[in-house]
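Structure data follow from model.tsv (TSV, C-alpha atoms and all ligand atoms):
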chain	number	residue	atom	x	y	z
A	1108	MET	CA	26.70	-45.99	215.87
A	1109	ILE	CA	26.89	-42.48	214.56
A	1110	ASP	CA	24.55	-41.25	217.27
A	1111	GLU	CA	27.06	-42.22	219.88
A	1112	VAL	CA	29.83	-40.50	217.99
A	1113	LEU	CA	27.79	-37.32	217.98
A	1114	LYS	CA	27.24	-37.62	221.69
A	1115	VAL	CA	30.90	-38.16	222.46
A	1116	PHE	CA	32.17	-35.92	219.69
A	1117	LYS	CA	31.83	-32.84	221.83
A	1118	LYS	CA	33.80	-34.49	224.63
A	1119	ILE	CA	36.75	-35.41	222.42
A	1120	ASP	CA	39.54	-32.86	222.69
A	1121	ALA	CA	42.67	-32.26	220.63
A	1122	LYS	CA	44.72	-34.74	222.72
A	1123	ASP	CA	42.14	-37.48	222.14
A	1124	PHE	CA	42.20	-36.77	218.42
A	1125	ARG	CA	45.97	-37.04	218.55
A	1126	ILE	CA	45.66	-40.52	220.10
A	1127	LEU	CA	43.05	-41.58	217.54
A	1128	THR	CA	45.32	-40.38	214.73
A	1129	GLY	CA	48.18	-42.29	216.35
A	1130	ILE	CA	46.15	-45.51	216.32
A	1131	GLU	CA	45.04	-44.85	212.75
A	1132	THR	CA	48.65	-44.36	211.64
A	1133	GLY	CA	49.86	-47.34	213.64
A	1134	MET	CA	47.27	-49.61	212.05
A	1135	LYS	CA	49.13	-49.32	208.77
A	1136	HIS	CA	51.81	-51.48	210.35
A	1137	PHE	CA	50.28	-53.26	213.32
A	1138	GLU	CA	47.14	-55.28	213.72
A	1139	TRP	CA	47.04	-53.98	217.29
A	1140	VAL	CA	48.96	-50.76	217.85
A	1141	PRO	CA	51.22	-51.22	220.90
A	1142	ILE	CA	50.85	-48.65	223.63
A	1143	GLU	CA	54.58	-47.89	223.33
A	1144	GLU	CA	54.02	-46.71	219.76
A	1145	LEU	CA	51.25	-44.40	220.92
A	1146	ASN	CA	53.50	-43.17	223.65
A	1147	LYS	CA	56.12	-42.26	221.06
A	1148	TYR	CA	53.57	-40.77	218.67
A	1149	THR	CA	51.69	-38.63	221.15
A	1150	LYS	CA	54.60	-37.85	223.47
A	1151	MET	CA	52.12	-38.09	226.32
A	1152	PRO	CA	53.26	-39.51	229.65
A	1153	LEU	CA	52.18	-43.15	229.92
A	1154	ASP	CA	49.78	-42.65	232.82
A	1155	LYS	CA	47.94	-39.79	231.09
A	1156	LEU	CA	47.84	-41.76	227.85
A	1157	GLU	CA	46.39	-44.79	229.62
A	1158	TYR	CA	43.74	-42.70	231.31
A	1159	ARG	CA	42.63	-41.21	227.99
A	1160	LEU	CA	42.72	-44.59	226.25
A	1161	ARG	CA	40.42	-46.03	228.93
A	1162	LYS	CA	37.96	-43.25	228.21
A	1163	LEU	CA	38.16	-43.83	224.43
A	1164	VAL	CA	37.53	-47.56	225.00
A	1165	ARG	CA	34.54	-46.75	227.21
A	1166	ASP	CA	33.12	-44.46	224.52
A	1167	LYS	CA	33.59	-47.29	221.98
A	1168	LEU	CA	35.84	-45.26	219.71
A	1169	VAL	CA	38.75	-47.67	220.11
A	1170	VAL	CA	39.12	-51.28	221.17
A	1171	ARG	CA	41.84	-52.74	223.37
A	1172	THR	CA	43.53	-56.11	223.59
A	1173	THR	CA	45.90	-57.40	226.21
A	1174	GLN	CA	47.00	-60.52	224.33
A	1175	PRO	CA	49.71	-61.09	223.23
A	1176	TYR	CA	50.56	-57.51	224.27
A	1177	GLU	CA	48.63	-54.36	225.16
A	1178	GLY	CA	47.44	-52.88	221.87
A	1179	TYR	CA	44.68	-50.80	220.32
A	1180	GLN	CA	42.56	-50.63	217.18
A	1181	ILE	CA	40.28	-47.84	216.09
A	1182	TYR	CA	36.56	-48.61	215.64
A	1183	PHE	CA	34.56	-47.26	212.72
A	1184	GLU	CA	33.11	-44.77	215.19
A	1185	GLY	CA	36.57	-43.46	216.04
A	1186	TYR	CA	37.36	-43.22	212.37
A	1187	ASP	CA	34.06	-41.35	211.82
A	1188	ALA	CA	35.11	-38.86	214.49
A	1189	LEU	CA	38.45	-38.24	212.75
A	1190	ALA	CA	36.73	-37.61	209.41
A	1191	LEU	CA	34.11	-35.34	210.99
A	1192	ASN	CA	36.83	-33.40	212.73
A	1193	SER	CA	38.61	-32.80	209.43
A	1194	PHE	CA	35.41	-31.68	207.73
A	1195	VAL	CA	34.65	-29.23	210.51
A	1196	LYS	CA	38.20	-27.87	210.51
A	1197	ARG	CA	38.20	-27.20	206.80
A	1198	ARG	CA	34.69	-25.81	206.95
A	1199	SER	CA	33.10	-28.40	204.73
A	1200	ILE	CA	30.47	-28.74	207.42
A	1201	SER	CA	29.63	-26.59	210.40
A	1202	ALA	CA	27.15	-28.80	212.27
A	1203	ILE	CA	26.07	-32.41	212.32
A	1204	GLY	CA	22.47	-33.51	212.02
A	1205	ASP	CA	20.54	-36.77	212.13
A	1206	GLU	CA	21.30	-40.09	210.59
A	1207	VAL	CA	19.13	-40.27	207.47
A	1208	GLY	CA	19.93	-43.72	206.18
A	1209	VAL	CA	21.92	-46.89	206.53
A	1210	GLY	CA	22.94	-48.62	203.32
A	1211	LYS	CA	24.40	-52.08	202.99
A	1212	GLU	CA	27.83	-50.57	203.11
A	1213	SER	CA	27.39	-47.06	204.37
A	1214	VAL	CA	25.92	-44.80	207.02
A	1215	ILE	CA	24.35	-41.56	205.81
A	1216	LEU	CA	24.18	-38.46	207.96
A	1217	GLU	CA	22.72	-35.03	207.41
A	1218	ALA	CA	24.91	-32.01	208.18
A	1219	ILE	CA	24.94	-28.26	207.73
A	1220	ARG	CA	27.33	-26.36	205.50
A	1221	GLN	CA	27.94	-22.62	205.73
A	1222	PRO	CA	27.73	-20.67	202.48
A	1223	GLU	CA	31.02	-20.01	200.71
A	1224	LEU	CA	30.32	-16.29	200.58
A	1225	ALA	CA	29.06	-14.27	203.50
A	1226	ILE	CA	25.81	-13.77	201.69
A	1227	GLY	CA	23.65	-16.84	201.32
A	1228	LYS	CA	22.16	-19.27	203.78
A	1229	PRO	CA	23.61	-22.38	205.40
A	1230	SER	CA	22.51	-25.44	203.48
A	1231	PRO	CA	21.85	-29.04	204.46
A	1232	VAL	CA	24.33	-31.56	203.03
A	1233	ILE	CA	24.89	-35.31	203.25
A	1234	ILE	CA	27.85	-37.16	204.72
A	1235	LYS	CA	28.29	-40.69	203.44
A	1236	PHE	CA	30.50	-42.84	205.67
A	1237	HIS	CA	31.69	-45.94	203.85
A	1238	ARG	CA	31.65	-49.20	205.78
A	1239	GLU	CA	33.09	-51.63	203.26
A	1240	GLY	CA	35.65	-53.56	205.23
A	1241	ARG	CA	33.18	-54.45	207.92
A	1242	THR	CA	30.72	-56.32	205.76
A	1243	SER	CA	32.73	-58.49	203.44
A	1244	PHE	CA	35.37	-60.85	204.70
A	1245	LYS	CA	35.88	-62.14	201.19
A	1246	GLN	CA	36.67	-58.64	200.11
A	1247	ILE	CA	39.08	-58.14	202.96
A	1248	LYS	CA	40.86	-61.29	201.94
A	1249	ARG	CA	41.09	-60.10	198.36
A	1250	VAL	CA	42.51	-56.75	199.38
A	1251	ARG	CA	44.97	-58.51	201.61
A	1252	ASP	CA	46.07	-60.82	198.81
A	1253	HIS	CA	46.58	-57.83	196.62
A	1254	ILE	CA	48.57	-55.84	199.13
A	1255	GLY	CA	50.66	-58.87	200.02
A	1256	GLU	CA	53.21	-58.35	202.73
A	1257	ARG	CA	53.92	-54.74	201.89
A	1258	GLU	CA	51.40	-53.29	204.27
A	1259	HIS	CA	49.43	-54.60	207.13
A	1260	PHE	CA	45.83	-54.63	206.01
A	1261	SER	CA	43.02	-53.06	207.92
A	1262	TRP	CA	39.35	-52.51	207.10
A	1263	ILE	CA	40.12	-48.80	207.21
A	1264	TYR	CA	41.84	-49.39	203.92
A	1265	ALA	CA	38.83	-50.88	202.14
A	1266	ALA	CA	36.42	-48.20	203.35
A	1267	ARG	CA	38.78	-45.35	202.51
A	1268	LEU	CA	39.48	-46.79	199.09
A	1269	ALA	CA	35.76	-46.96	198.32
A	1270	ALA	CA	35.21	-43.36	199.41
A	1271	GLN	CA	38.16	-42.12	197.34
A	1272	ARG	CA	36.93	-44.05	194.36
A	1273	GLU	CA	33.39	-42.73	194.69
A	1274	TYR	CA	34.48	-39.13	195.23
A	1275	GLU	CA	36.88	-39.22	192.29
A	1276	ILE	CA	34.27	-40.46	189.88
A	1277	MET	CA	31.67	-38.03	191.19
A	1278	THR	CA	33.99	-35.09	190.59
A	1279	LYS	CA	34.75	-36.48	187.15
A	1280	VAL	CA	31.13	-36.78	185.96
A	1281	TYR	CA	29.77	-33.70	187.75
A	1282	PRO	CA	28.10	-31.56	186.41
A	1283	GLN	CA	27.66	-33.23	183.00
A	1284	VAL	CA	25.83	-36.10	184.66
A	1285	SER	CA	23.05	-35.16	187.05
A	1286	ILE	CA	24.30	-36.19	190.51
A	1287	PRO	CA	24.42	-34.49	193.93
A	1288	LYS	CA	27.38	-32.09	193.82
A	1289	PRO	CA	30.43	-33.67	195.51
A	1290	LEU	CA	31.88	-31.25	198.08
A	1291	ASP	CA	34.64	-32.95	200.05
A	1292	GLN	CA	36.20	-36.28	200.95
A	1293	ASN	CA	38.27	-37.38	203.92
A	1294	ARG	CA	39.25	-40.91	204.89
A	1295	HIS	CA	36.17	-43.12	204.37
A	1296	ALA	CA	33.69	-40.21	204.16
A	1297	ILE	CA	32.23	-37.98	201.45
A	1298	VAL	CA	30.34	-34.71	201.81
A	1299	MET	CA	27.85	-34.05	199.01
A	1300	GLU	CA	24.74	-32.07	198.32
A	1301	ILE	CA	21.42	-33.57	199.25
A	1302	ALA	CA	19.73	-35.25	196.32
A	1303	LYS	CA	16.52	-33.53	195.30
A	1304	GLY	CA	13.16	-35.20	195.68
A	1305	SER	CA	12.82	-38.83	196.69
A	1306	LEU	CA	14.02	-42.27	195.68
A	1307	LEU	CA	12.47	-43.61	192.48
A	1308	SER	CA	11.59	-46.81	194.37
A	1309	LYS	CA	9.44	-44.84	196.82
A	1310	THR	CA	7.79	-42.50	194.34
A	1311	LYS	CA	4.66	-42.77	192.23
A	1312	LEU	CA	5.38	-40.76	189.09
A	1313	LEU	CA	2.71	-39.01	187.09
A	1314	ASN	CA	4.77	-38.56	183.95
A	1315	ALA	CA	6.74	-41.80	184.02
A	1316	GLU	CA	7.76	-41.80	180.32
A	1317	TRP	CA	9.47	-38.47	180.73
A	1318	TYR	CA	11.42	-39.67	183.79
A	1319	LEU	CA	12.45	-42.88	182.07
A	1320	ASP	CA	13.79	-40.89	179.11
A	1321	GLU	CA	15.60	-38.60	181.50
A	1322	ILE	CA	17.27	-41.52	183.33
A	1323	LEU	CA	18.35	-43.14	180.05
A	1324	ARG	CA	19.71	-39.80	178.88
A	1325	GLN	CA	21.87	-39.67	182.04
A	1326	VAL	CA	23.10	-43.22	181.41
A	1327	LYS	CA	24.03	-42.17	177.87
A	1328	ILE	CA	25.95	-39.09	179.04
A	1329	THR	CA	27.73	-41.21	181.66
A	1330	TYR	CA	28.68	-43.77	179.02
A	1331	SER	CA	29.93	-41.05	176.69
A	1332	LEU	CA	32.32	-40.04	179.49
A	1333	GLY	CA	33.66	-43.60	179.56
A	1334	ILE	CA	31.82	-44.70	182.69
A	1335	ILE	CA	29.16	-47.26	183.57
A	1336	HIS	CA	27.42	-46.91	186.93
A	1337	ALA	CA	27.22	-50.68	187.57
A	1338	ASP	CA	24.74	-50.55	190.44
A	1339	LEU	CA	21.90	-48.67	188.79
A	1340	SER	CA	18.37	-49.38	189.96
A	1341	GLU	CA	15.32	-47.60	191.38
A	1342	TYR	CA	17.17	-47.57	194.74
A	1343	ASN	CA	19.99	-45.39	193.46
A	1344	ILE	CA	17.97	-42.84	191.49
A	1345	PHE	CA	16.33	-39.74	192.94
A	1346	VAL	CA	13.43	-38.07	191.15
A	1347	SER	CA	12.10	-34.56	191.64
A	1348	GLU	CA	10.24	-31.87	189.74
A	1349	ASP	CA	13.60	-30.80	188.32
A	1350	GLY	CA	14.50	-34.20	186.90
A	1351	VAL	CA	16.61	-37.13	188.10
A	1352	GLN	CA	19.88	-37.61	190.03
A	1353	LEU	CA	21.98	-40.76	190.15
A	1354	ILE	CA	23.70	-41.65	193.45
A	1355	ASP	CA	25.97	-44.39	194.84
A	1356	TRP	CA	28.97	-44.59	192.50
A	1357	PRO	CA	31.86	-46.53	194.08
A	1358	GLN	CA	31.37	-49.67	191.99
A	1359	TYR	CA	31.49	-47.90	188.61
A	1360	ILE	CA	33.45	-49.48	185.76
A	1361	THR	CA	34.72	-48.37	182.37
A	1362	PRO	CA	33.79	-49.83	178.97
A	1363	ALA	CA	37.22	-51.53	178.95
A	1364	HIS	CA	36.00	-53.85	181.68
A	1365	PRO	CA	35.80	-57.41	180.33
A	1366	HIS	CA	32.11	-57.64	181.25
A	1367	ALA	CA	31.21	-54.04	180.46
A	1368	ASP	CA	28.42	-54.89	178.02
A	1369	GLU	CA	26.76	-57.28	180.41
A	1370	ILE	CA	26.95	-54.81	183.25
A	1371	LEU	CA	25.59	-51.93	181.18
A	1372	GLU	CA	22.72	-54.19	180.11
A	1373	ARG	CA	22.01	-55.12	183.70
A	1374	ASP	CA	21.92	-51.43	184.72
A	1375	VAL	CA	19.54	-50.52	181.92
A	1376	SER	CA	17.46	-53.63	182.39
A	1377	ASN	CA	16.93	-52.84	186.10
A	1378	VAL	CA	15.50	-49.49	185.11
A	1379	LEU	CA	13.36	-50.86	182.26
A	1380	VAL	CA	11.96	-53.63	184.46
A	1381	HIS	CA	11.02	-51.09	187.13
A	1382	PHE	CA	9.18	-48.87	184.65
A	1383	ASN	CA	7.52	-51.86	183.08
A	1384	ARG	CA	6.28	-53.33	186.37
A	1385	LYS	CA	5.16	-50.11	187.95
A	1386	TYR	CA	3.95	-48.14	184.92
A	1387	GLY	CA	3.45	-50.72	182.18
A	1388	ILE	CA	5.97	-48.99	179.90
A	1389	LYS	CA	7.62	-51.29	177.35
A	1390	ARG	CA	11.01	-50.59	175.81
A	1391	GLU	CA	13.27	-52.92	173.88
A	1392	LEU	CA	16.52	-53.45	175.82
A	1393	GLU	CA	18.68	-53.90	172.73
A	1394	GLU	CA	17.37	-50.78	171.11
A	1395	VAL	CA	17.90	-48.71	174.24
A	1396	ILE	CA	21.45	-50.04	174.59
A	1397	ARG	CA	22.19	-49.19	170.96
A	1398	GLU	CA	20.96	-45.65	171.54
A	1399	ILE	CA	23.11	-45.29	174.69
A	1400	LYS	CA	26.20	-46.56	172.89
A	1401	SER	CA	25.63	-44.26	169.93
A	1402	GLY	CA	26.84	-41.38	172.09
A	1403	ALA	CA	30.13	-43.05	172.98
A	1404	SER	CA	32.51	-41.07	170.80
A	1405	LEU	CA	34.84	-40.14	173.63
A	1406	ILE	CA	35.59	-43.62	174.85
A	1407	GLY	CA	39.16	-44.82	174.89
A	1408	ALA	CA	40.14	-46.42	178.14
A	1409	THR	CA	43.78	-46.72	179.04
A	1410	LYS	CA	45.46	-50.03	179.74
A	1411	GLU	CA	45.71	-49.12	183.39
A	1412	GLU	CA	41.98	-48.67	183.63
A	1413	ALA	CA	41.41	-51.98	181.92
A	1414	SER	CA	43.66	-53.87	184.33
A	1415	ARG	CA	42.02	-52.26	187.32
A	1416	ASP	CA	38.69	-53.33	185.96
A	1417	GLU	CA	39.91	-56.89	185.74
A	1418	ALA	CA	40.70	-56.72	189.43
A	1419	ILE	CA	37.19	-55.56	190.08
A	1420	ILE	CA	35.37	-58.16	188.05
A	1421	GLU	CA	36.74	-60.87	190.25
A	1422	GLY	CA	34.49	-59.66	193.03
A	1423	THR	CA	31.53	-59.42	190.64
A	1424	LEU	CA	31.20	-55.75	191.02
A	1425	LYS	CA	31.34	-55.32	194.71
A	1426	ARG	CA	32.26	-51.79	195.40
A	1427	GLY	CA	35.58	-50.51	196.68
A	1428	GLU	CA	37.75	-52.95	194.86
A	1429	GLY	CA	39.71	-50.65	192.60
A	1430	LEU	CA	42.76	-52.07	194.23
A	1431	ASN	CA	45.52	-50.83	192.02
A	1432	GLU	CA	44.70	-47.23	192.66
A	1433	GLY	CA	44.39	-47.77	196.35
A	1434	ILE	CA	47.99	-48.55	196.85
A	1435	SER	CA	49.23	-45.49	195.08
A	1436	GLU	CA	46.61	-43.53	196.98
A	1437	GLU	CA	48.49	-44.35	200.14
A	1438	ASN	CA	50.95	-41.52	199.61
A	1439	LYS	CA	48.25	-39.08	198.79
A	1440	ASP	CA	46.58	-39.95	202.00
A	1441	LYS	CA	49.75	-39.46	203.95
A	1442	GLU	CA	49.90	-35.96	202.56
A	1443	ASN	CA	46.36	-35.46	203.74
A	1444	ASP	CA	47.28	-36.75	207.16
A	1445	ASN	CA	50.08	-34.23	207.35
A	1446	LYS	CA	47.92	-31.39	206.24
A	1447	GLU	CA	45.58	-32.22	209.01
A	1448	GLU	CA	48.04	-31.84	211.79
A	1449	ALA	CA	46.18	-28.87	213.12
A	1450	PHE	CA	46.45	-30.33	216.58
A	1451	GLY	CA	49.22	-27.77	216.61
A	1452	GLU	CA	49.88	-27.52	220.31
A	1453	GLU	CA	50.58	-31.21	220.44
A	1454	ARG	CA	53.39	-31.19	217.95
A	1455	ASN	CA	56.99	-30.33	218.53
B	1	LIG	N1	23.11	-37.24	198.38
B	1	LIG	C1	22.08	-37.84	199.00
B	1	LIG	N2	20.94	-37.14	199.26
B	1	LIG	C2	19.89	-37.71	199.88
B	1	LIG	N3	19.88	-39.00	200.31
B	1	LIG	C3	20.98	-39.75	200.10
B	1	LIG	C4	22.13	-39.21	199.43
B	1	LIG	N4	23.06	-40.18	199.37
B	1	LIG	C5	22.52	-41.26	199.95
B	1	LIG	N5	21.27	-41.01	200.40
B	1	LIG	C6	20.36	-41.96	201.08
B	1	LIG	O1	21.10	-43.00	201.70
B	1	LIG	C7	20.85	-44.27	201.09
B	1	LIG	C8	22.13	-45.06	200.95
B	1	LIG	O2	23.03	-44.36	200.12
B	1	LIG	P1	23.89	-45.11	199.01
B	1	LIG	O3	22.96	-45.81	198.08
B	1	LIG	O4	24.82	-44.13	198.42
B	1	LIG	O5	24.70	-46.12	199.91
B	1	LIG	P2	24.80	-47.70	199.89
B	1	LIG	O6	25.49	-48.13	201.11
B	1	LIG	O7	25.37	-48.14	198.61
B	1	LIG	O8	23.32	-48.13	199.98
B	1	LIG	P3	22.72	-49.47	199.42
B	1	LIG	O9	23.67	-50.55	199.74
B	1	LIG	O10	21.42	-49.53	200.15
B	1	LIG	O11	22.58	-49.21	197.95
B	1	LIG	C9	20.19	-43.94	199.76
B	1	LIG	O12	19.31	-44.94	199.35
B	1	LIG	C10	19.46	-42.65	200.06
B	1	LIG	O13	18.21	-42.90	200.67
B	2	MG	MG	22.54	-47.44	197.19
Would you kindly transcribe this structure into structure tokens?
Amino acid sequence: MIDEVLKVFKKIDAKDFRILTGIETGMKHFEWVPIEELNKYTKMPLDKLEYRLRKLVRDKLVVRTTQPYEGYQIYFEGYDALALNSFVKRRSISAIGDEVGVGKESVILEAIRQPELAIGKPSPVIIKFHREGRTSFKQIKRVRDHIGEREHFSWIYAARLAAQREYEIMTKVYPQVSIPKPLDQNRHAIVMEIAKGSLLSKTKLLNAEWYLDEILRQVKITYSLGIIHADLSEYNIFVSEDGVQLIDWPQYITPAHPHADEILERDVSNVLVHFNRKYGIKRELEEVIREIKSGASLIGATKEEASRDEAIIEGTLKRGEGLNEGISEENKDKENDNKEEAFGEERN
């Protein structure tokens, strides 16, 4: 788990990162990356390479097979290390803290970020590591069907896609919608501000009506931007003295989605049911929906968005399935990979 990554993180040097990057790159084409490929990629003598690979296997950052040939895959932990390394290098974070949560499809870590200007204090931030590919074989199969023979599929792909998708939508709705400020994204990981207060599910509110209105206002603003959260509930809403913040966005859809109305109703209904059960507040779903939709002057989804949404509905709103974008994202990610070649000494 992340703890182990933190422990070994300090022991990983630039050459190890080069090997991890080599395996990551190789996994685009091989299920198991042959040692010869790594030899070519790293330009390390075979004996030195093998020695380092043994250590990476021992630290559970990579996994090795000998059948039908000697090959390697990166583990989520190795992938975490690569993302952390990028964040540290570009100063998105300066130190790593404790694990603060494990979601169904993510691991959440606290970290420290230095202020952008010399004045100001370091602030705590959150790193969300996506874990999509690991949990859903059905999803993996769907991604694979979609990619066809063009690329070898790996779970890395599903997790990275979900993180890109979540980060993109967060930067799109921030700051109009009240969410933790998105700060950076690399591979399957996102750096964002810490949400204020505590989860709605774990809080006993004194002024519940006010908070309910505030949440519905956020849903309305979101909808007016052409977005529906699609996983809204008391588990994805933070409440504090300042108001509310919505988190956990990778499964968002647009109103062009064939089931958009149903999904919006489900979101709103989750919230209304919570406030009804816990605080006895009664609101009419239809009326609330009408009010939310009355702010939707800006909506006009493109065809592309609509077809992506169709791809998503198939998986009934599991996150990380914005498949069309993912493929074109490939190039973008390659650019990122190149930018990150700060293992300067290693390169010719
Ligand atoms: N920005 C944040 N600030 C504070 N806590 C956060 C933040 N983001 C996530 N968390 C914590 O981590 C948990 C999981 O995050 P999130 O809901 O984004 O991931 P998830 O994998 O979709 O989780 P789940 O499947 O449980 O909904 C949240 O319930 C919350 O407790
Ligand atoms: Mg969640």
* If we count only C-alpha atoms, what is near region 1215-1226 of chain A at a cut-off of 8 Å, once residues fewer than 5 positions away on the same chain are taken out, given as a PyMOL selection string? -> chain A and resi 1198-1210+1231-1236
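Close to (51.0, -49.5, 219.2), meaning no more than 10 Å away when counting all atoms listed in the file, sit the residues Gly1129, Ile1130, Glu1131, Thr1132, Gly1133, Met1134, His1136, Phe1137, Glu1138, Trp1139, Val1140, Pro1141, Ile1142, Glu1143, Glu1144, Leu1145, Asn1146, Lys1147, Tyr1148, Tyr1176, Glu1177, Gly1178, Tyr1179 and Gln1180 of chain A.
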* To do: Would you mind listing the residues within 8 Å of ligand MG 2 (chain B), counting all atoms listed in the file, as an MDAnalysis selection string?
  => chainID A and resid 1210:1211 1338 1342:1343 1354:1355
* **Protein, DNA and RNA residues within 7 Å of (30.8, -46.4, 182.1), all atoms listed in the file, as a PyMOL selection string** => chain A and resi 1329-1330+1333-1336+1359-1362
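Using only C-alpha atoms and all ligand atoms, the nearest neighbour of ligand LIG 1 (chain B) within the list A:Gly1402, A:Pro1365, A:Gly1350, A:Pro1289 is A:Pro1289.
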* Structure fact -> From the list A:His1364, A:Lys1196, A:Arg1267, A:Lys1303, the nearest residue to ligand LIG 1 (chain B) using only C-alpha atoms and all ligand atoms is A:Lys1303
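Distances from A:Ala1367, A:Val1380, A:Ile1301, A:Ile1322 to ligand LIG 1 (chain B) were compared using all atoms listed in the file, and the smallest one belongs to A:Ile1301.
Nearest-residue note for ligand LIG 1 (chain B): choosing from A:Val1378, A:Ala1302, A:Leu1290, A:Val1170, the minimum distance belongs to A:Ala1302, counting only C-alpha atoms and all ligand atoms.
Nearest-residue note for ligand LIG 1 (chain B): choosing from A:Ala1269, A:Ile1370, A:Leu1312, A:Ala1188, the minimum distance belongs to A:Ala1269, counting only C-alpha atoms and all ligand atoms.
Reported to one decimal place, the separation of CA of Ser1308 (chain A) from atom O9 of ligand LIG 1 (chain B) is 13.7 Å.
Between ligand LIG 1 (chain B) and the residues A:Leu1371, A:Ile1388, A:Met1299, A:Val1280, the shortest atom-to-atom distance, using all atoms listed in the file, involves A:Met1299.
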* Asn1383 (chain A) environment, 12 Å, only C-alpha atoms, sequence neighbours closer than 6 positions dropped, as a ChimeraX atom specification -> /A:1315-1316,1319,1376-1377,1389-1392
Go ahead and write the selection's residues with C-alpha atoms as a PDB file, in the frame of the given file.
ATOM      1  CA  ALA A1315       6.740 -41.800 184.020  1.00  0.00           C
ATOM      2  CA  GLU A1316       7.760 -41.800 180.320  1.00  0.00           C
ATOM      3  CA  LEU A1319      12.450 -42.880 182.070  1.00  0.00           C
ATOM      4  CA  SER A1376      17.460 -53.630 182.390  1.00  0.00           C
ATOM      5  CA  ASN A1377      16.930 -52.840 186.100  1.00  0.00           C
ATOM      6  CA  LYS A1389       7.620 -51.290 177.350  1.00  0.00           C
ATOM      7  CA  ARG A1390      11.010 -50.590 175.810  1.00  0.00           C
ATOM      8  CA  GLU A1391      13.270 -52.920 173.880  1.00  0.00           C
ATOM      9  CA  LEU A1392      16.520 -53.450 175.820  1.00  0.00           C
TER      10      LEU A1392
END
* Structure fact -> As a check of understanding: the span from CA of Ile1399 (chain A) to CA of Glu1372 (chain A) is 10.4 Å
* **For Ile1344 (chain A): contacts at 6 Å, all atoms listed in the file, fewer than 5 positions along chain excluded, given as a PyMOL selection string** => chain A and resi 1306-1307+1352-1353
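The two atoms in question, CA of Tyr1182 (chain A) and atom O5 of ligand LIG 1 (chain B), are spaced 19.9 Å apart.
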